[in-house]
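Colleague: Input: one structure, supplied below.
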Amino acid sequence: MADTPPIVPQLRRRGSNFGPAKVGLWAPPIALLAALIGGAYALNVLLGQRSFLLPAPHVVFGKLVDPKTGPDIFEALLNTAVVSLAGLVIAIAIGIVWAIGMTQAKWVERTTFPYAVILQSIPILAVVPLIGFWFGYDFFARVVVCVLIALFPMVSNTLFGLQSVDRSHRELFKLQGASRWTILTKLELPAATPAIFAGMRISAGLSVVGAIVGDFFFQRGTPGIGALIAKFGARLNSAELFASILVASLFGVVIFLLFGWLGRRAVGKWYDFG
Amino acid sequence: MPTTTTDTRTLLDFQDVAMTFPDGTVALSGIDLTVSRGEFVTVVGPSGCGKSTLLRIASGLETASHGTLGLETSRIGYVFQDATLLPWRSVQANIELLAELHGTAKAERVAKAKEAIDLVGLTGFEKHLPRALSGGMRMRTSLARSLTLDPELFLFDEPFGALDEITRERLNDELLRLFAEKQFAGLFITHSVSEAVYLSTKVVVMSGRPGKIVDTFEVPFSMPRDPEIRFTGEFAALVGKVSHALREGHN
């Protein structure tokens, strides 16, 4: 049959972010970083005797490679990473299952969604002591803090994604007599994947916050980066404090980027995952 | 009228069908209409006259509030207003979807999809995702997806309304060719009078809300249809008559 082939639009390339064309993208934030480092040096000098308030950047970096402090910081970071990833995985699992439950039965949504909202509104710092009181001050309690902080975006995003399916798509499945399970697995969940990955990215960042908050309060067991920050803060070890804050922040950024990358890998072909 | 088939069973039979929605809107009233194999019936009417509701009742998506619906087949193809493709599935996987939902084995699914892909001229585009296709190609994919069911009754809900004129005309020709080959029973909703006359063996004109059938026109042109008939005086005269009935019904 005669038909002009359509002009197939070139899909946006999602390859390296470091090609020459991307220089324009990366140059401004790097310039800002350089300015901030320069500013830190300037302030450090200006502060004179009180320069411990803002240590010189090379001193901070030095603490990371210093055999006396570096290994402690990275070990603590590793502990924090384990706690936050465990919390994240649990939050993802609970969040997805909860949201599916809400779409499958209206009463589940009516009964439980208000509590999901309340959960998100609770000032987490207010309940952390209670969590320690109930679950101890070790690994498990820290994971619980992470889950509490990271759960809501997973629930709300998954729910939004599952409910965003077009009416005509539902009808397409209904016309073939598809079961609820088939509609869930072949239509609703695939359609919700972009929203689920967007939720994961938010939750991932929050679970890092949760792990650090947990560390801060629960000092028993292996110390995480939060415990180290508390210790350095109390001792006025400002360079070590800055170094710990720096790696904790970088870890949060890496986790955020990782989930953005995973999201693009999963749905980038058919959805413009930001 | 087609001569290639002896099967002219009536597959769809509306008897005094009316539809009143729970909010009190009367969408349809007193609809009597039959569609048989080898017939291509087109319904034209002003927007909001309940044409789509008619189709939704035929497909089982809605239940009529009054009257009876006779349905003599379970092999029903339904082509939506938009292509309703799943954006994460390739053309191939989209076309396999319906067979997949019916639990057809992979090998048979692939064979059915291949046949449908060849029929609508999508060969070479199997691996493309819907977003890489033009509107016309998406609608072809949607058509091919329905074809895998080998429907005896084919329902079309203004499928080409959003397409440009040239693509629409080309798809009209494709549809006529498919009809000549498969001899299904077709029920097609549109608001283009010339499309209605060109495609069908019978044109049904509906009035504004509540939708009633105000006139029915047999289309005398033989199948398969020569695209050139659109430029004949006879064709123009029939389009004129249908348009006239449409205006009368609207007032």
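By convention here, the chains of the structure tokens are called A, B, ... in the order presented, each chain's residues are numbered starting at 1, and ligands are numbered starting at 1 in the order presented.
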Tell me, as a list in words, which residues lie within 7 Å of Thr42 of chain B, counting only C-alpha atoms; anything in the same chain fewer than 6 positions away does not count.
Modeller: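 The residues satisfying every condition are Leu187, Phe188, Ile189, Ala196, Ser200, Lys202, Val203 and Val204 of chain B.
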Colleague: May I have the residues within 9 Å of Pro227 of chain B as a PyMOL selection string, using only C-alpha atoms and disregarding those fewer than 2 positions away in the same chain?
Modeller: chain B and resi 169+173+198+225+229-231
Colleague: Excluding Phe242 of chain A and residues on its chain fewer than 6 positions from it, collect all residues at most 12 Å away from it, counting only C-alpha atoms, and give them as a list in words.
Modeller: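 After dropping sequence-adjacent residues, the list is Ala40, Phe52, Leu53, Leu54, Pro55, Ala56, Pro57, His58, Val59, Val60, Phe61, Gly62, Lys63, Leu64, Ile73, Ile225, Leu228, Ile229, Ala230, Phe232, Gly233, Leu236, Ala248 and Ser249 of chain A.
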Colleague: Select, as a PDB file with C-alpha atoms, in the first residue's frame, those residues of chain B with any atom no more than 7 Å from chain A (distances computed using only C-alpha atoms).
Modeller:
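Result file result_37.pdb:
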ATOM      1  CA  THR B  84      -5.105   4.951  22.594  1.00  0.00           C
ATOM      2  CA  PRO B  87       3.296   4.849  24.944  1.00  0.00           C
ATOM      3  CA  TRP B  88       5.755   2.389  26.515  1.00  0.00           C
ATOM      4  CA  LEU B 101      -5.208  -9.891  26.956  1.00  0.00           C
ATOM      5  CA  GLY B 121       0.995  -0.864   5.751  1.00  0.00           C
ATOM      6  CA  ALA B 132       7.917   8.528  16.962  1.00  0.00           C
ATOM      7  CA  LEU B 133       4.881   8.085  14.701  1.00  0.00           C
ATOM      8  CA  SER B 134       2.701  10.592  12.861  1.00  0.00           C
TER       9      SER B 134
END
Colleague: What's the 9 Å shell around Asp7 of chain B, counting only C-alpha atoms, without same-chain residues fewer than 2 positions away, as an mmCIF file with N, CA and C atoms, in the first residue's frame?
Modeller:
data_model
loop_
_atom_site.group_PDB
_atom_site.id
_atom_site.type_symbol
_atom_site.label_atom_id
_atom_site.label_comp_id
_atom_site.auth_asym_id
_atom_site.auth_seq_id
_atom_site.Cartn_x
_atom_site.Cartn_y
_atom_site.Cartn_z
ATOM 1 N N THR B 5 -19.649 -12.033 -0.445
ATOM 2 C CA THR B 5 -19.953 -12.862 0.711
ATOM 3 C C THR B 5 -21.423 -13.263 0.671
ATOM 4 N N ARG B 9 -25.619 -11.932 7.940
ATOM 5 C CA ARG B 9 -26.326 -11.973 9.222
ATOM 6 C C ARG B 9 -26.362 -10.579 9.849
ATOM 7 N N SER B 36 -25.681 -5.264 9.580
ATOM 8 C CA SER B 36 -25.431 -6.653 9.193
ATOM 9 C C SER B 36 -24.050 -6.777 8.584
ATOM 10 N N ARG B 37 -23.579 -8.010 8.457
ATOM 11 C CA ARG B 37 -22.303 -8.229 7.765
ATOM 12 C C ARG B 37 -22.426 -7.734 6.345
ATOM 13 N N GLY B 38 -21.384 -7.106 5.875
ATOM 14 C CA GLY B 38 -21.413 -6.578 4.519
ATOM 15 C C GLY B 38 -22.038 -5.195 4.443
ATOM 16 N N GLN B 183 -15.357 -7.931 4.847
ATOM 17 C CA GLN B 183 -16.817 -7.972 4.883
ATOM 18 C C GLN B 183 -17.377 -8.004 6.300
#
Colleague: Would you kindly return, as a ChimeraX atom specification, each protein, DNA or RNA residue with an atom no farther than 12 Å from any atom of Glu109 of chain A, considering only C-alpha atoms and excluding same-chain residues fewer than 3 positions away?
Modeller: /A:98-106,112-117,155-156,159
Colleague: Using only N, CA and C atoms, please write the residues we just selected to a file, as a JSON list (two decimals), in the first residue's frame.
Modeller:
[["chain", "number", "residue", "atom", "x", "y", "z"],
["A", 98, "TRP", "N", 1.04, 0.21, 49.39],
["A", 98, "TRP", "CA", -0.03, 1.03, 49.98],
["A", 98, "TRP", "C", -0.84, 1.73, 48.88],
["A", 99, "ALA", "N", -0.14, 2.34, 47.94],
["A", 99, "ALA", "CA", -0.84, 3.06, 46.87],
["A", 99, "ALA", "C", -1.67, 2.10, 46.02],
["A", 100, "ILE", "N", -1.11, 0.91, 45.74],
["A", 100, "ILE", "CA", -1.88, -0.08, 44.97],
["A", 100, "ILE", "C", -3.14, -0.46, 45.75],
["A", 101, "GLY", "N", -2.97, -0.68, 47.05],
["A", 101, "GLY", "CA", -4.13, -1.00, 47.89],
["A", 101, "GLY", "C", -5.20, 0.07, 47.79],
["A", 102, "MET", "N", -4.76, 1.33, 47.78],
["A", 102, "MET", "CA", -5.72, 2.43, 47.73],
["A", 102, "MET", "C", -6.46, 2.49, 46.39],
["A", 103, "THR", "N", -5.77, 2.11, 45.30],
["A", 103, "THR", "CA", -6.47, 2.16, 44.00],
["A", 103, "THR", "C", -7.37, 0.94, 43.81],
["A", 104, "GLN", "N", -7.03, -0.16, 44.49],
["A", 104, "GLN", "CA", -7.83, -1.36, 44.31],
["A", 104, "GLN", "C", -9.12, -1.31, 45.13],
["A", 105, "ALA", "N", -9.06, -0.67, 46.28],
["A", 105, "ALA", "CA", -10.25, -0.59, 47.12],
["A", 105, "ALA", "C", -10.40, 0.83, 47.63],
["A", 106, "LYS", "N", -11.52, 1.43, 47.26],
["A", 106, "LYS", "CA", -11.76, 2.83, 47.62],
["A", 106, "LYS", "C", -11.72, 3.01, 49.15],
["A", 112, "THR", "N", -7.17, 5.24, 54.92],
["A", 112, "THR", "CA", -5.76, 5.39, 55.28],
["A", 112, "THR", "C", -5.07, 6.63, 54.72],
["A", 113, "PHE", "N", -5.61, 7.18, 53.60],
["A", 113, "PHE", "CA", -4.87, 8.30, 53.00],
["A", 113, "PHE", "C", -4.72, 9.49, 53.95],
["A", 114, "PRO", "N", -5.77, 9.82, 54.75],
["A", 114, "PRO", "CA", -5.58, 10.93, 55.70],
["A", 114, "PRO", "C", -4.36, 10.72, 56.60],
["A", 115, "TYR", "N", -4.10, 9.45, 56.93],
["A", 115, "TYR", "CA", -2.96, 9.19, 57.82],
["A", 115, "TYR", "C", -1.63, 9.33, 57.09],
["A", 116, "ALA", "N", -1.67, 9.07, 55.80],
["A", 116, "ALA", "CA", -0.45, 9.30, 55.01],
["A", 116, "ALA", "C", -0.12, 10.79, 55.04],
["A", 117, "VAL", "N", -1.17, 11.60, 54.94],
["A", 117, "VAL", "CA", -0.97, 13.05, 54.96],
["A", 117, "VAL", "C", -0.48, 13.49, 56.35],
["A", 155, "VAL", "N", 4.17, 7.13, 48.44],
["A", 155, "VAL", "CA", 2.73, 6.84, 48.44],
["A", 155, "VAL", "C", 2.01, 7.79, 47.50],
["A", 156, "SER", "N", 2.25, 9.09, 47.67],
["A", 156, "SER", "CA", 1.47, 10.05, 46.89],
["A", 156, "SER", "C", 1.82, 9.99, 45.41],
["A", 159, "LEU", "N", 0.36, 6.74, 43.89],
["A", 159, "LEU", "CA", -1.10, 6.88, 43.80],
["A", 159, "LEU", "C", -1.47, 7.78, 42.62]]
Colleague: I'd like the neighbourhood of segment 43-53 of chain B as a ChimeraX atom specification, where a residue qualifies if any of its atoms comes within 10 Å (using only C-alpha atoms), though same-chain residues fewer than 4 positions away should be ignored.
Modeller: /B:19,26-29,57-59,61-64,80-81,156-158,187-193,195-197,200,202-214,216,242-243,245-247,249-250
Colleague: Taking N, CA and C atoms for each residue, export the selection above as a compact mmCIF listing (two decimals), in the first residue's frame.
Modeller:
# COMPACT_ATOMS: atom_id res chain seq x y z
N MET B 19 -31.38 6.36 26.03
CA MET B 19 -30.37 6.49 27.07
C MET B 19 -30.59 7.77 27.85
N VAL B 26 -30.97 13.36 28.63
CA VAL B 26 -31.46 12.36 27.68
C VAL B 26 -30.56 12.40 26.46
N ALA B 27 -29.76 11.35 26.28
CA ALA B 27 -28.78 11.36 25.19
C ALA B 27 -29.36 10.76 23.92
N LEU B 28 -30.18 9.72 24.07
CA LEU B 28 -30.73 9.04 22.90
C LEU B 28 -32.18 8.71 23.17
N SER B 29 -32.99 8.69 22.09
CA SER B 29 -34.36 8.24 22.31
C SER B 29 -34.89 7.57 21.06
N ILE B 57 -22.93 1.96 23.76
CA ILE B 57 -23.94 0.96 24.13
C ILE B 57 -23.69 -0.33 23.33
N ALA B 58 -23.40 -0.17 22.04
CA ALA B 58 -23.16 -1.34 21.19
C ALA B 58 -21.97 -2.16 21.71
N SER B 59 -20.95 -1.46 22.22
CA SER B 59 -19.74 -2.16 22.66
C SER B 59 -19.89 -2.74 24.06
N LEU B 61 -19.82 -0.76 26.75
CA LEU B 61 -19.23 0.17 27.71
C LEU B 61 -20.31 0.90 28.51
N GLU B 62 -21.50 1.05 27.90
CA GLU B 62 -22.65 1.63 28.60
C GLU B 62 -23.83 0.69 28.42
N THR B 63 -24.77 0.76 29.32
CA THR B 63 -25.98 -0.04 29.19
C THR B 63 -27.14 0.91 28.93
N ALA B 64 -27.93 0.60 27.90
CA ALA B 64 -29.07 1.45 27.55
C ALA B 64 -30.06 1.48 28.71
N PHE B 80 -11.11 3.81 18.87
CA PHE B 80 -11.41 5.01 19.65
C PHE B 80 -11.12 6.28 18.86
N GLN B 81 -11.60 7.39 19.42
CA GLN B 81 -11.38 8.70 18.81
C GLN B 81 -9.88 8.99 18.66
N PHE B 156 -16.48 2.24 15.06
CA PHE B 156 -15.50 3.33 14.90
C PHE B 156 -16.06 4.62 15.50
N ASP B 157 -15.38 5.16 16.48
CA ASP B 157 -15.86 6.39 17.14
C ASP B 157 -15.08 7.59 16.63
N GLU B 158 -15.51 8.18 15.52
CA GLU B 158 -14.82 9.32 14.90
C GLU B 158 -13.31 9.14 14.86
N LEU B 187 -19.96 0.01 11.91
CA LEU B 187 -20.76 1.13 12.42
C LEU B 187 -19.78 2.25 12.73
N PHE B 188 -19.92 3.35 11.99
CA PHE B 188 -18.90 4.39 11.98
C PHE B 188 -19.53 5.72 12.36
N ILE B 189 -18.95 6.39 13.33
CA ILE B 189 -19.46 7.69 13.77
C ILE B 189 -18.57 8.79 13.20
N THR B 190 -19.17 9.82 12.67
CA THR B 190 -18.36 10.93 12.15
C THR B 190 -19.20 12.20 12.14
N HIS B 191 -18.56 13.38 12.03
CA HIS B 191 -19.39 14.51 11.68
C HIS B 191 -19.06 15.08 10.32
N SER B 192 -18.30 14.30 9.54
CA SER B 192 -18.03 14.73 8.17
C SER B 192 -19.00 14.02 7.23
N VAL B 193 -19.86 14.81 6.58
CA VAL B 193 -20.87 14.22 5.70
C VAL B 193 -20.22 13.52 4.51
N GLU B 195 -17.26 12.19 4.27
CA GLU B 195 -16.64 10.94 4.73
C GLU B 195 -17.71 9.86 4.89
N ALA B 196 -18.86 10.26 5.47
CA ALA B 196 -19.94 9.31 5.69
C ALA B 196 -20.42 8.71 4.37
N VAL B 197 -20.66 9.58 3.40
CA VAL B 197 -21.17 9.10 2.12
C VAL B 197 -20.13 8.24 1.41
N SER B 200 -19.75 4.60 3.37
CA SER B 200 -20.78 3.67 3.83
C SER B 200 -21.71 3.14 2.77
N LYS B 202 -24.81 2.78 4.03
CA LYS B 202 -26.01 3.43 4.55
C LYS B 202 -25.60 4.57 5.48
N VAL B 203 -26.22 5.73 5.30
CA VAL B 203 -25.92 6.87 6.17
C VAL B 203 -27.15 7.17 7.02
N VAL B 204 -26.91 7.24 8.34
CA VAL B 204 -28.00 7.52 9.27
C VAL B 204 -27.79 8.92 9.83
N VAL B 205 -28.82 9.76 9.74
CA VAL B 205 -28.69 11.14 10.22
C VAL B 205 -29.41 11.27 11.56
N MET B 206 -28.70 11.81 12.54
CA MET B 206 -29.30 12.00 13.85
C MET B 206 -29.55 13.46 14.14
N SER B 207 -30.57 13.72 14.97
CA SER B 207 -30.89 15.09 15.36
C SER B 207 -30.09 15.46 16.60
N GLY B 208 -30.17 16.73 16.97
CA GLY B 208 -29.52 17.17 18.20
C GLY B 208 -30.21 16.56 19.41
N ARG B 209 -29.65 16.77 20.57
CA ARG B 209 -30.10 16.15 21.81
C ARG B 209 -31.58 16.38 22.10
N PRO B 210 -32.38 15.38 22.47
CA PRO B 210 -31.95 13.99 22.54
C PRO B 210 -31.81 13.40 21.14
N GLY B 211 -30.77 12.61 20.91
CA GLY B 211 -30.48 12.07 19.59
C GLY B 211 -31.56 11.10 19.11
N LYS B 212 -32.12 11.44 17.97
CA LYS B 212 -33.09 10.55 17.32
C LYS B 212 -32.64 10.38 15.88
N ILE B 213 -33.05 9.27 15.28
CA ILE B 213 -32.73 9.09 13.86
C ILE B 213 -33.77 9.87 13.06
N VAL B 214 -33.32 10.85 12.27
CA VAL B 214 -34.27 11.66 11.53
C VAL B 214 -34.36 11.23 10.06
N THR B 216 -32.55 8.26 6.90
CA THR B 216 -31.60 7.23 6.53
C THR B 216 -31.44 7.24 5.02
N VAL B 242 -27.86 14.69 2.41
CA VAL B 242 -27.55 14.33 3.79
C VAL B 242 -27.33 15.60 4.62
N SER B 243 -26.60 16.55 4.04
CA SER B 243 -26.33 17.80 4.76
C SER B 243 -27.64 18.52 5.07
N ALA B 245 -30.63 17.15 5.43
CA ALA B 245 -31.33 16.42 6.50
C ALA B 245 -30.71 16.75 7.86
N LEU B 246 -29.38 16.87 7.86
CA LEU B 246 -28.65 17.17 9.09
C LEU B 246 -29.07 18.54 9.63
N ARG B 247 -29.18 19.51 8.71
CA ARG B 247 -29.58 20.86 9.13
C ARG B 247 -31.02 20.88 9.63
N GLY B 249 -32.66 18.39 10.94
CA GLY B 249 -32.71 17.71 12.23
C GLY B 249 -32.20 18.57 13.35
N HIS B 250 -31.28 19.46 13.00
CA HIS B 250 -30.66 20.30 14.01
C HIS B 250 -31.62 21.38 14.51
Colleague: Tell me, which residues of segment 4-240 of chain B carry DSSP strand (DSSP E), written as a PyMOL selection string?
Modeller: chain B and resi 10-20+26-36+40-44+66-71+76-79+153-157+185-190+202-206+213-218
Colleague: Work out how far apart atom CA of Leu129 of chain B and atom CA of Ile95 of chain B are and give it in Å to one decimal.
Modeller: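 Answer for the atom CA of Leu129 of chain B to atom CA of Ile95 of chain B separation: 11.7 Å.
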Colleague: Determine the nearest neighbour of Val91 of chain B from the options B:Glu126, B:Asp118, B:Glu228, B:Asp23, counting only C-alpha atoms.
Modeller: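 Of B:Glu126, B:Asp118, B:Glu228, B:Asp23, the one nearest Val91 of chain B, counting only C-alpha atoms, is B:Glu126.
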Colleague: Find the residues around Thr34 of chain B up to 8 Å (only C-alpha atoms counted), leave out those fewer than 2 positions away in its own chain, and share them as a list in words.
Modeller: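 Here the answer would be Thr10, Leu11, Leu12, Asp13, Phe14, Asp32 and Ser36 of chain B.
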Colleague: Write down as a PyMOL selection string the residues of segment 59-230 of chain B whose backbone DSSP state falls under alpha helix (DSSP H).
Modeller: chain B and resi 59+91-101+106-120+135-147+165-182+193-199
Colleague: What is the atom CA of Asn237 of chain A to atom CA of Val208 of chain A distance in Å?
Modeller: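 Computing it gives 23.0 Å between the two atoms.
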Colleague: Using only C-alpha atoms, which of A:Met154, A:Ala211, A:Ala198, A:Leu257 sits nearest Pro223 of chain A?
Modeller: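 Among the listed residues, the smallest separation from Pro223 of chain A belongs to A:Ala211.
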Colleague: Calculated over only C-alpha atoms, which of the candidates A:Phe251, A:Phe197, A:Phe218, A:Phe259 has the smallest distance to Thr158 of chain A?
Modeller: A:Phe197
